[in-house]
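J.: Next comes start-v2.json, JSON, C-alpha atoms:
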```json
[["chain", "number", "residue", "atom", "x", "y", "z"],
["I", 1, "MET", "CA", -3.88, 1.39, -68.43],
["I", 2, "GLN", "CA", -0.90, -0.21, -66.70],
["I", 3, "VAL", "CA", 0.34, 3.24, -65.57],
["I", 4, "CYS", "CA", -3.09, 3.99, -64.09],
["I", 5, "THR", "CA", -3.13, 0.66, -62.21],
["I", 6, "LYS", "CA", 0.34, 1.27, -60.80],
["I", 7, "LEU", "CA", -0.69, 4.76, -59.70],
["I", 8, "ILE", "CA", -3.77, 3.44, -57.87],
["I", 9, "PHE", "CA", -1.68, 0.71, -56.22],
["I", 10, "SER", "CA", 0.92, 3.27, -55.10],
["I", 11, "LEU", "CA", -1.80, 5.47, -53.62],
["I", 12, "LEU", "CA", -3.26, 2.52, -51.69],
["I", 13, "VAL", "CA", 0.17, 1.63, -50.27],
["I", 14, "LEU", "CA", 0.71, 5.25, -49.26],
["I", 15, "MET", "CA", -2.67, 5.31, -47.52],
["I", 16, "LEU", "CA", -1.90, 2.10, -45.61],
["I", 17, "VAL", "CA", 1.52, 3.38, -44.52],
["I", 18, "SER", "CA", 0.02, 6.70, -43.44],
["I", 19, "THR", "CA", -2.69, 4.90, -41.43],
["I", 20, "SER", "CA", -0.05, 2.70, -39.78],
["I", 21, "PHE", "CA", 2.00, 5.73, -38.75],
["I", 22, "ALA", "CA", -1.14, 7.44, -37.47],
["I", 23, "GLN", "CA", -2.05, 4.42, -35.35],
["I", 24, "SER", "CA", 1.51, 4.29, -34.01],
["I", 25, "ASP", "CA", 1.35, 7.98, -33.11],
["I", 26, "ASP", "CA", -2.01, 7.44, -31.40],
["I", 27, "ALA", "CA", -0.60, 4.54, -29.36],
["I", 28, "SER", "CA", 2.43, 6.62, -28.42],
["I", 29, "SER", "CA", 0.23, 9.52, -27.39],
["I", 30, "ALA", "CA", -1.98, 7.21, -25.34],
["I", 31, "ASP", "CA", 1.07, 5.75, -23.59],
["I", 32, "GLU", "CA", 2.43, 9.22, -22.83],
["I", 33, "SER", "CA", -0.99, 10.25, -21.52],
["I", 34, "GLU", "CA", -1.07, 7.22, -19.19],
["I", 35, "GLN", "CA", 2.41, 7.98, -17.86],
["I", 36, "LEU", "CA", 1.49, 11.61, -17.28],
["I", 37, "LYS", "CA", -1.59, 10.56, -15.29],
["I", 38, "ILE", "CA", 0.52, 8.20, -13.20],
["I", 39, "ALA", "CA", 3.08, 10.93, -12.55],
["I", 40, "ALA", "CA", 0.26, 13.27, -11.48],
["I", 41, "LEU", "CA", -1.06, 10.65, -9.05],
["I", 42, "GLU", "CA", 2.39, 10.10, -7.57],
["I", 43, "ALA", "CA", 2.73, 13.86, -7.08],
["I", 44, "LEU", "CA", -0.42, 13.78, -4.97],
["I", 45, "MET", "CA", 1.43, 11.85, -2.27],
["I", 46, "SER", "CA", 3.23, 15.10, -1.44],
["I", 47, "SER", "CA", -0.05, 17.03, -1.25],
["I", 48, "PRO", "CA", -2.18, 17.57, 1.88],
["I", 49, "PRO", "CA", -4.30, 14.41, 2.39],
["I", 50, "ASP", "CA", -7.62, 16.25, 2.44],
["I", 51, "ARG", "CA", -6.84, 17.83, -0.93],
["I", 52, "ALA", "CA", -5.43, 14.66, -2.50],
["I", 53, "LEU", "CA", -8.32, 12.40, -1.49],
["I", 54, "PRO", "CA", -11.04, 13.90, -3.75],
["I", 55, "LEU", "CA", -8.76, 13.76, -6.78],
["I", 56, "VAL", "CA", -7.78, 10.13, -6.19],
["I", 57, "THR", "CA", -11.40, 9.16, -5.60],
["I", 58, "LYS", "CA", -12.35, 10.89, -8.86],
["I", 59, "VAL", "CA", -9.78, 8.82, -10.75],
["I", 60, "LEU", "CA", -11.15, 5.58, -9.32],
["I", 61, "ALA", "CA", -14.67, 6.53, -10.35],
["I", 62, "GLY", "CA", -13.62, 7.75, -13.80],
["I", 63, "ASP", "CA", -12.94, 6.12, -17.17],
["I", 64, "HIS", "CA", -9.28, 5.23, -16.71],
["I", 65, "SER", "CA", -7.15, 2.16, -17.37],
["I", 66, "ASP", "CA", -6.55, -0.44, -14.69],
["I", 67, "GLU", "CA", -2.90, 0.63, -14.58],
["I", 68, "VAL", "CA", -3.86, 4.19, -13.67],
["I", 69, "LYS", "CA", -6.48, 3.02, -11.17],
["I", 70, "THR", "CA", -4.00, 0.62, -9.58],
["I", 71, "ARG", "CA", -1.62, 3.51, -8.98],
["I", 72, "ALA", "CA", -4.55, 5.49, -7.56],
["I", 73, "LEU", "CA", -5.21, 2.65, -5.12],
["I", 74, "PHE", "CA", -1.61, 2.78, -3.95],
["I", 75, "VAL", "CA", -1.83, 6.53, -3.38],
["I", 76, "LEU", "CA", -5.08, 5.94, -1.48],
["I", 77, "SER", "CA", -3.36, 3.39, 0.77],
["I", 78, "GLN", "CA", -0.85, 6.09, 1.77],
["I", 79, "ILE", "CA", -3.48, 8.68, 2.74],
["I", 80, "ASP", "CA", -3.94, 8.51, 6.49],
["I", 81, "LEU", "CA", -7.60, 9.49, 6.61],
["I", 82, "PRO", "CA", -10.58, 7.29, 7.58],
["I", 83, "GLU", "CA", -12.36, 8.35, 4.38],
["I", 84, "ALA", "CA", -9.44, 7.11, 2.27],
["I", 85, "GLN", "CA", -9.41, 3.73, 4.01],
["I", 86, "ASN", "CA", -13.19, 3.47, 3.54],
["I", 87, "VAL", "CA", -12.86, 4.00, -0.22],
["I", 88, "LEU", "CA", -10.05, 1.45, -0.38],
["I", 89, "LEU", "CA", -12.05, -1.10, 1.59],
["I", 90, "GLU", "CA", -15.14, -0.47, -0.52],
["I", 91, "THR", "CA", -13.11, -1.24, -3.66],
["I", 92, "ALA", "CA", -11.82, -4.39, -1.95],
["I", 93, "ARG", "CA", -15.43, -5.41, -1.25],
["I", 94, "ASN", "CA", -17.13, -4.51, -4.50],
["I", 95, "GLY", "CA", -14.44, -3.82, -7.09],
["I", 96, "SER", "CA", -14.23, -5.97, -10.20],
["I", 97, "GLY", "CA", -11.59, -8.37, -11.41],
["I", 98, "ASP", "CA", -7.93, -7.65, -10.81],
["I", 99, "LEU", "CA", -8.68, -4.18, -9.47],
["I", 100, "ARG", "CA", -10.50, -5.71, -6.51],
["I", 101, "LEU", "CA", -7.58, -8.03, -5.77],
["I", 102, "GLU", "CA", -5.21, -5.09, -6.03],
["I", 103, "ALA", "CA", -7.33, -3.09, -3.57],
["I", 104, "ILE", "CA", -7.13, -5.98, -1.08],
["I", 105, "ARG", "CA", -3.35, -6.01, -1.42],
["I", 106, "MET", "CA", -3.22, -2.25, -0.91],
["I", 107, "VAL", "CA", -5.07, -2.62, 2.37],
["I", 108, "GLY", "CA", -2.10, -4.72, 3.48],
["I", 109, "ILE", "CA", 0.37, -2.11, 2.24],
["I", 110, "GLY", "CA", -1.52, 0.66, 4.04],
["I", 111, "GLY", "CA", -1.52, -1.36, 7.26],
["I", 112, "ASN", "CA", -4.52, 0.45, 8.73],
["I", 113, "GLU", "CA", -5.91, -1.71, 11.56],
["I", 114, "GLU", "CA", -9.56, -0.96, 10.86],
["I", 115, "ALA", "CA", -9.18, -1.64, 7.15],
["I", 116, "LEU", "CA", -7.33, -4.89, 7.88],
["I", 117, "ALA", "CA", -10.14, -5.93, 10.22],
["I", 118, "GLY", "CA", -12.57, -5.34, 7.36],
["I", 119, "LEU", "CA", -10.81, -8.02, 5.31],
["I", 120, "THR", "CA", -12.19, -10.73, 7.60],
["I", 121, "ALA", "CA", -15.65, -10.58, 6.05],
["I", 122, "ILE", "CA", -14.18, -10.27, 2.55],
["I", 123, "TYR", "CA", -12.19, -13.47, 3.12],
["I", 124, "ALA", "CA", -15.23, -15.34, 4.42],
["I", 125, "GLY", "CA", -17.32, -14.50, 1.36],
["I", 126, "GLY", "CA", -14.61, -14.60, -1.29],
["I", 127, "ASP", "CA", -13.50, -17.11, -3.90],
["I", 128, "SER", "CA", -10.06, -18.71, -3.91],
["I", 129, "ASP", "CA", -8.40, -15.68, -5.56],
["I", 130, "VAL", "CA", -9.91, -13.30, -3.02],
["I", 131, "LYS", "CA", -8.90, -15.55, -0.11],
["I", 132, "GLU", "CA", -5.34, -15.74, -1.41],
["I", 133, "SER", "CA", -5.18, -11.95, -1.80],
["I", 134, "VAL", "CA", -6.45, -11.42, 1.75],
["I", 135, "LEU", "CA", -3.78, -13.78, 3.12],
["I", 136, "HIS", "CA", -1.10, -11.91, 1.16],
["I", 137, "ALA", "CA", -2.43, -8.61, 2.52],
["I", 138, "TYR", "CA", -2.04, -9.95, 6.05],
["I", 139, "LEU", "CA", 1.46, -11.16, 5.16],
["I", 140, "ILE", "CA", 2.41, -7.69, 3.87],
["I", 141, "ALA", "CA", 0.96, -6.08, 7.02],
["I", 142, "ASP", "CA", 2.65, -8.68, 9.26],
["I", 143, "ASP", "CA", -0.73, -9.45, 10.81],
["I", 144, "SER", "CA", -0.04, -12.98, 12.03],
["I", 145, "ASN", "CA", -3.01, -13.01, 14.41],
["I", 146, "SER", "CA", -5.50, -12.64, 11.54],
["I", 147, "VAL", "CA", -3.81, -15.44, 9.61],
["I", 148, "TYR", "CA", -3.92, -17.59, 12.75],
["I", 149, "GLU", "CA", -7.66, -16.99, 13.07],
["I", 150, "ILE", "CA", -8.15, -18.12, 9.46],
["I", 151, "ALA", "CA", -6.12, -21.29, 10.08],
["I", 152, "ALA", "CA", -7.87, -22.04, 13.38],
["I", 153, "ASN", "CA", -11.31, -21.68, 11.80],
["I", 154, "ALA", "CA", -10.51, -23.29, 8.42],
["I", 155, "THR", "CA", -13.29, -25.48, 7.07],
["I", 156, "ASN", "CA", -11.08, -27.66, 4.86],
["I", 157, "ASP", "CA", -7.51, -28.96, 4.69],
["I", 158, "GLU", "CA", -6.47, -26.79, 1.75],
["I", 159, "GLU", "CA", -7.55, -23.61, 3.50],
["I", 160, "PHE", "CA", -5.79, -24.68, 6.70],
["I", 161, "GLU", "CA", -2.55, -25.61, 4.93],
["I", 162, "THR", "CA", -2.44, -22.36, 2.94],
["I", 163, "ALA", "CA", -2.84, -20.27, 6.09],
["I", 164, "VAL", "CA", -0.27, -22.38, 7.94],
["I", 165, "GLY", "CA", 2.18, -21.90, 5.08],
["I", 166, "ILE", "CA", 1.77, -18.10, 5.36],
["I", 167, "LEU", "CA", 2.39, -18.30, 9.12],
["I", 168, "GLY", "CA", 5.58, -20.25, 8.40],
["I", 169, "VAL", "CA", 6.81, -17.56, 6.02],
["I", 170, "MET", "CA", 5.96, -14.93, 8.66],
["I", 171, "GLY", "CA", 8.01, -16.79, 11.28],
["I", 172, "ALA", "CA", 4.94, -16.87, 13.54],
["I", 173, "SER", "CA", 6.14, -19.61, 15.91],
["I", 174, "GLU", "CA", 3.75, -18.76, 18.72],
["I", 175, "GLU", "CA", 0.67, -18.98, 16.50],
["I", 176, "LEU", "CA", 1.91, -22.21, 14.92],
["I", 177, "ARG", "CA", 2.40, -23.81, 18.32],
["I", 178, "LYS", "CA", -1.17, -22.92, 19.27],
["I", 179, "LEU", "CA", -2.36, -24.66, 16.10],
["I", 180, "ARG", "CA", -0.47, -27.78, 17.13],
["I", 181, "ASP", "CA", -2.49, -27.96, 20.34],
["I", 182, "ARG", "CA", -5.73, -27.18, 18.52],
["I", 183, "GLU", "CA", -5.43, -29.19, 15.30],
["I", 184, "GLY", "CA", -2.83, -31.86, 15.97],
["I", 185, "VAL", "CA", 0.32, -32.10, 13.88],
["I", 186, "SER", "CA", 0.14, -32.34, 10.09],
["I", 187, "GLU", "CA", 2.87, -32.33, 7.47],
["I", 188, "SER", "CA", 2.02, -28.72, 6.64],
["I", 189, "LEU", "CA", 2.54, -27.71, 10.27],
["I", 190, "ILE", "CA", 5.91, -29.46, 10.43],
["I", 191, "HIS", "CA", 6.99, -27.68, 7.25],
["I", 192, "ALA", "CA", 5.81, -24.38, 8.75],
["I", 193, "TYR", "CA", 7.83, -25.05, 11.91],
["I", 194, "ALA", "CA", 10.87, -25.52, 9.70],
["I", 195, "MET", "CA", 10.16, -22.37, 7.71],
["I", 196, "SER", "CA", 9.72, -20.34, 10.90],
["I", 197, "GLY", "CA", 12.89, -21.76, 12.46],
["I", 198, "ASP", "CA", 11.02, -23.34, 15.39],
["I", 199, "PHE", "CA", 13.74, -25.65, 16.68],
["I", 200, "GLU", "CA", 11.91, -26.42, 19.93],
["I", 201, "SER", "CA", 8.77, -27.81, 18.29],
["I", 202, "LEU", "CA", 10.71, -29.79, 15.70],
["I", 203, "GLN", "CA", 13.03, -31.31, 18.30],
["I", 204, "ALA", "CA", 10.06, -32.45, 20.39],
["I", 205, "LEU", "CA", 8.52, -34.17, 17.37],
["I", 206, "ALA", "CA", 11.85, -35.56, 16.15],
["I", 207, "THR", "CA", 12.41, -37.41, 19.43],
["I", 208, "ASP", "CA", 8.83, -38.71, 19.66],
["I", 209, "ALA", "CA", 8.71, -42.22, 18.20],
["I", 210, "SER", "CA", 4.95, -42.66, 18.69],
["I", 211, "ASN", "CA", 4.32, -41.60, 15.08],
["I", 212, "PRO", "CA", 7.24, -42.74, 12.88],
["I", 213, "GLU", "CA", 6.16, -40.88, 9.74],
["I", 214, "ARG", "CA", 5.74, -37.61, 11.62],
["I", 215, "GLN", "CA", 9.07, -38.21, 13.36],
["I", 216, "MET", "CA", 10.89, -38.60, 10.02],
["I", 217, "GLN", "CA", 9.37, -35.37, 8.72],
["I", 218, "ALA", "CA", 10.39, -33.48, 11.85],
["I", 219, "ILE", "CA", 13.96, -34.78, 11.74],
["I", 220, "GLN", "CA", 14.40, -33.64, 8.15],
["I", 221, "GLY", "CA", 12.71, -30.35, 9.07],
["I", 222, "LEU", "CA", 15.49, -29.74, 11.57],
["I", 223, "GLY", "CA", 17.94, -29.73, 8.68],
["I", 224, "ILE", "CA", 16.07, -26.79, 7.11],
["I", 225, "VAL", "CA", 16.43, -24.79, 10.33],
["I", 226, "GLY", "CA", 20.18, -25.46, 10.53],
["I", 227, "GLY", "CA", 22.68, -24.05, 13.01],
["I", 228, "ASP", "CA", 24.86, -25.47, 15.78],
["I", 229, "GLU", "CA", 21.91, -26.41, 17.97],
["I", 230, "VAL", "CA", 20.33, -28.39, 15.15],
["I", 231, "ASN", "CA", 23.64, -30.07, 14.24],
["I", 232, "ALA", "CA", 24.07, -31.30, 17.82],
["I", 233, "ALA", "CA", 20.47, -32.55, 17.92],
["I", 234, "LEU", "CA", 20.82, -34.47, 14.64],
["I", 235, "LEU", "CA", 24.00, -36.16, 15.86],
["I", 236, "GLU", "CA", 22.28, -37.15, 19.09],
["I", 237, "ILE", "CA", 19.24, -38.50, 17.24],
["I", 238, "TYR", "CA", 21.43, -40.57, 14.91],
["I", 239, "ARG", "CA", 23.53, -42.01, 17.74],
["I", 240, "GLY", "CA", 20.61, -42.65, 20.05],
["I", 241, "SER", "CA", 18.46, -44.65, 17.65],
["I", 242, "ASP", "CA", 18.54, -48.25, 16.47],
["I", 243, "SER", "CA", 16.06, -47.51, 13.67],
["I", 244, "ALA", "CA", 17.52, -47.46, 10.16],
["I", 245, "ASP", "CA", 14.78, -45.03, 9.10],
["I", 246, "VAL", "CA", 15.59, -42.58, 11.90],
["I", 247, "LYS", "CA", 19.30, -42.74, 11.14],
["I", 248, "ASP", "CA", 18.60, -42.16, 7.43],
["I", 249, "ALA", "CA", 16.38, -39.17, 8.23],
["I", 250, "ALA", "CA", 19.06, -37.73, 10.53],
["I", 251, "LEU", "CA", 21.66, -38.09, 7.78],
["I", 252, "HIS", "CA", 19.42, -36.35, 5.27],
["I", 253, "GLY", "CA", 18.85, -33.63, 7.84],
["I", 254, "MET", "CA", 22.63, -33.20, 8.10],
["I", 255, "MET", "CA", 22.86, -33.02, 4.33],
["I", 256, "VAL", "CA", 20.20, -30.29, 4.18],
["I", 257, "ALA", "CA", 21.98, -28.45, 7.01],
["I", 258, "ASP", "CA", 25.30, -28.88, 5.15],
["I", 259, "TYR", "CA", 26.78, -30.47, 8.27],
["I", 260, "ASP", "CA", 29.48, -32.62, 6.70],
["I", 261, "ASP", "CA", 31.66, -32.39, 9.83],
["I", 262, "GLY", "CA", 29.00, -34.37, 11.68],
["I", 263, "VAL", "CA", 28.85, -37.07, 9.01],
["I", 264, "LEU", "CA", 32.65, -37.25, 9.05],
["I", 265, "GLU", "CA", 32.62, -37.61, 12.84],
["I", 266, "LEU", "CA", 30.15, -40.50, 12.55],
["I", 267, "PHE", "CA", 32.27, -42.13, 9.85],
["I", 268, "ARG", "CA", 35.46, -42.05, 11.91],
["I", 269, "ALA", "CA", 33.66, -43.36, 15.02],
["I", 270, "SER", "CA", 31.88, -46.23, 13.24],
["I", 271, "GLN", "CA", 33.15, -49.80, 13.47],
["I", 272, "ASP", "CA", 30.57, -51.15, 11.01],
["I", 273, "ALA", "CA", 31.73, -51.55, 7.40],
["I", 274, "GLY", "CA", 28.24, -51.22, 5.96],
["I", 275, "GLU", "CA", 27.53, -48.09, 7.96],
["I", 276, "LYS", "CA", 30.85, -46.58, 6.93],
["I", 277, "ARG", "CA", 29.96, -47.15, 3.28],
["I", 278, "GLU", "CA", 26.65, -45.31, 3.71],
["I", 279, "LEU", "CA", 28.33, -42.43, 5.52],
["I", 280, "LEU", "CA", 30.98, -42.17, 2.80],
["I", 281, "ARG", "CA", 28.27, -42.08, 0.12],
["I", 282, "MET", "CA", 26.59, -39.25, 2.03],
["I", 283, "LEU", "CA", 29.84, -37.28, 2.20],
["I", 284, "VAL", "CA", 30.27, -37.71, -1.55],
["I", 285, "MET", "CA", 26.69, -36.53, -2.13],
["I", 286, "MET", "CA", 27.42, -33.48, 0.04],
["I", 287, "ASP", "CA", 30.47, -32.72, -2.11],
["I", 288, "SER", "CA", 32.55, -32.67, 1.04],
["I", 289, "ASP", "CA", 36.32, -32.23, 0.82],
["I", 290, "ALA", "CA", 36.55, -34.85, 3.55],
["I", 291, "ALA", "CA", 35.19, -37.47, 1.14],
["I", 292, "LEU", "CA", 38.29, -37.28, -1.06],
["I", 293, "GLU", "CA", 40.51, -37.49, 2.01],
["I", 294, "ILE", "CA", 38.72, -40.62, 3.22],
["I", 295, "ILE", "CA", 38.77, -42.20, -0.23],
["I", 296, "ASP", "CA", 42.52, -41.61, -0.41],
["I", 297, "GLU", "CA", 43.01, -43.12, 3.04],
["I", 298, "THR", "CA", 40.85, -46.12, 2.12],
["I", 299, "LEU", "CA", 42.73, -46.78, -1.11],
["I", 300, "SER", "CA", 46.00, -46.49, 0.78],
["I", 301, "GLY", "CA", 44.81, -49.11, 3.26],
["I", 302, "ASN", "CA", 44.60, -46.74, 6.21],
["I", 303, "GLN", "CA", 40.89, -47.35, 6.88]]
```
Is it possible to express this structure as structure tokens?
T.:
Amino acid sequence: MQVCTKLIFSLLVLMLVSTSFAQSDDASSADESEQLKIAALEALMSSPPDRALPLVTKVLAGDHSDEVKTRALFVLSQIDLPEAQNVLLETARNGSGDLRLEAIRMVGIGGNEEALAGLTAIYAGGDSDVKESVLHAYLIADDSNSVYEIAANATNDEEFETAVGILGVMGASEELRKLRDREGVSESLIHAYAMSGDFESLQALATDASNPERQMQAIQGLGIVGGDEVNAALLEIYRGSDSADVKDAALHGMMVADYDDGVLELFRASQDAGEKRELLRMLVMMDSDAALEIIDETLSGNQ
């Protein structure tokens, strides 16, 4: 009886192991099949567009994984035919889940002007994920005018700030300046000026004392831009102000710009012991070699 039980148990184990191997083989076969389909789609990019288009469209309409369909969308974005862009835009309008978001991104990769123009209505009627994908498509396509239009017509602060942030990444100084005239200056705009390297706008705000909080933000934004022009402006702002807050902002701008030579110049020119202490602390925070030199001089009684 014990022998019989052991035999049955052994057979069950063998069956389980065999099933496991079979499932593993099936998964491997499925993976190989997916990769083969993807390779076939990539090969279509070397085929005549009018012959490739029906095959890609068939894949999108068929029972395939999202990975395969995503690759099909990319191939579609590279086919320079109006019909291809129409299919891509239709997927961007009415696709489901991540595939729809991917189609929107592919419109940006394709860069077709008509397809990009079609994203305007998709943005207006989309949820937050769709809106974000449309903005990223415009970023990929370097379509700063469309992003500007979204910012200029934003119905809430979050929408405005997101679009402004994209314009900053794009370096779209002209569009950002137009928003300053249209919307007034917000913290998000100042940050975008810094991201886009707009020294002119930041300098104008940094020397305008009518709004102290905005002025501080602009001064520190100059540090992000950096460069000789900024360094000279920060020194001038520091020296020309009696405000402790302005001086502190200028110093932090120098720290961000890694302009320790300027801080050292201020230290050596200062006749105020308290100010010299603050400047020395800033040099130490900047890990400047000059800090050790000054400390040595101070301890030797030469300061």
J.: Find the distance between CA of Asp228 in chain I and CA of Ala194 in chain I and write it in Å to one decimal.
T.: 15.3 Å
J.: Measure the distance from CA of Tyr148 in chain I to CA of Leu167 in chain I in Å and round it to one decimal.
T.: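 About the pair CA of Tyr148 in chain I and CA of Leu167 in chain I: they are 7.3 Å apart.
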J.: Contacts of Leu264 in chain I at 8 Å or less, counting only C-alpha atoms, minus same-chain residues fewer than 5 places along, as a ChimeraX atom specification?
T.: /I:279,283,290
J.: Compare I:Ala103, I:Val230, I:Leu116, I:Met216 by their minimum atom-to-atom distance to Glu200 in chain I, counting only C-alpha atoms, and give me the closest one.
T.: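 With only C-alpha atoms as the atom set, the closest residue is I:Val230.
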J.: Which residue is closest to Glu275 in chain I? Choose from I:Leu60, I:Ala244, I:Leu292, I:Val87 and count all atoms listed in the file.
T.: I:Ala244
J.: Residues within 8 Å of Asp260 in chain I, please, as a list in words. Count all atoms listed in the file; anything in the same chain fewer than 5 positions from it doesn't count.
T.: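 Non-adjacent residues within range: Met254, Met255, Leu283, Met286 and Ser288 of chain I.
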J.: Starting from the incomplete input, reconstruct N, CA and C atoms of range 248-271 of chain I and write that as a compact mmCIF listing (two decimals), in the coordinates of the input.
T.:
```txt
# COMPACT_ATOMS: atom_id res chain seq x y z
N ASP I 248 18.61 -42.69 8.80
CA ASP I 248 18.60 -42.16 7.43
C ASP I 248 18.03 -40.73 7.41
N ALA I 249 16.97 -40.51 8.18
CA ALA I 249 16.38 -39.17 8.23
C ALA I 249 17.35 -38.18 8.84
N ALA I 250 18.07 -38.61 9.89
CA ALA I 250 19.06 -37.73 10.53
C ALA I 250 20.18 -37.38 9.56
N LEU I 251 20.61 -38.36 8.78
CA LEU I 251 21.66 -38.09 7.78
C LEU I 251 21.18 -37.10 6.72
N HIS I 252 19.96 -37.28 6.26
CA HIS I 252 19.42 -36.35 5.27
C HIS I 252 19.25 -34.95 5.87
N GLY I 253 18.92 -34.92 7.16
CA GLY I 253 18.85 -33.63 7.84
C GLY I 253 20.22 -32.95 7.87
N MET I 254 21.26 -33.74 8.12
CA MET I 254 22.63 -33.20 8.10
C MET I 254 23.01 -32.70 6.71
N MET I 255 22.55 -33.44 5.69
CA MET I 255 22.86 -33.02 4.33
C MET I 255 22.18 -31.68 4.02
N VAL I 256 20.91 -31.55 4.40
CA VAL I 256 20.20 -30.29 4.18
C VAL I 256 20.87 -29.16 4.95
N ALA I 257 21.32 -29.46 6.18
CA ALA I 257 21.98 -28.45 7.01
C ALA I 257 23.43 -28.21 6.60
N ASP I 258 23.91 -28.98 5.62
CA ASP I 258 25.30 -28.88 5.15
C ASP I 258 26.29 -29.13 6.30
N TYR I 259 25.97 -30.15 7.10
CA TYR I 259 26.78 -30.47 8.27
C TYR I 259 27.66 -31.68 7.97
N ASP I 260 28.62 -31.50 7.07
CA ASP I 260 29.48 -32.62 6.70
C ASP I 260 30.45 -33.00 7.82
N ASP I 261 30.77 -32.05 8.71
CA ASP I 261 31.66 -32.39 9.83
C ASP I 261 31.02 -33.45 10.72
N GLY I 262 29.69 -33.38 10.87
CA GLY I 262 29.00 -34.37 11.68
C GLY I 262 29.03 -35.74 11.04
N VAL I 263 28.81 -35.78 9.73
CA VAL I 263 28.85 -37.07 9.01
C VAL I 263 30.26 -37.65 9.08
N LEU I 264 31.26 -36.79 8.95
CA LEU I 264 32.65 -37.25 9.05
C LEU I 264 32.94 -37.81 10.45
N GLU I 265 32.43 -37.15 11.46
CA GLU I 265 32.62 -37.61 12.84
C GLU I 265 31.99 -39.00 13.03
N LEU I 266 30.81 -39.19 12.46
CA LEU I 266 30.15 -40.50 12.55
C LEU I 266 30.95 -41.56 11.80
N PHE I 267 31.48 -41.18 10.65
CA PHE I 267 32.27 -42.13 9.85
C PHE I 267 33.49 -42.61 10.63
N ARG I 268 34.22 -41.69 11.22
CA ARG I 268 35.46 -42.05 11.91
C ARG I 268 35.17 -42.86 13.19
N ALA I 269 33.99 -42.64 13.78
CA ALA I 269 33.66 -43.36 15.02
C ALA I 269 33.07 -44.75 14.75
N SER I 270 32.57 -44.98 13.54
CA SER I 270 31.88 -46.23 13.24
C SER I 270 32.84 -47.41 13.11
N GLN I 271 32.38 -48.56 13.60
CA GLN I 271 33.15 -49.80 13.47
C GLN I 271 32.45 -50.77 12.52
```
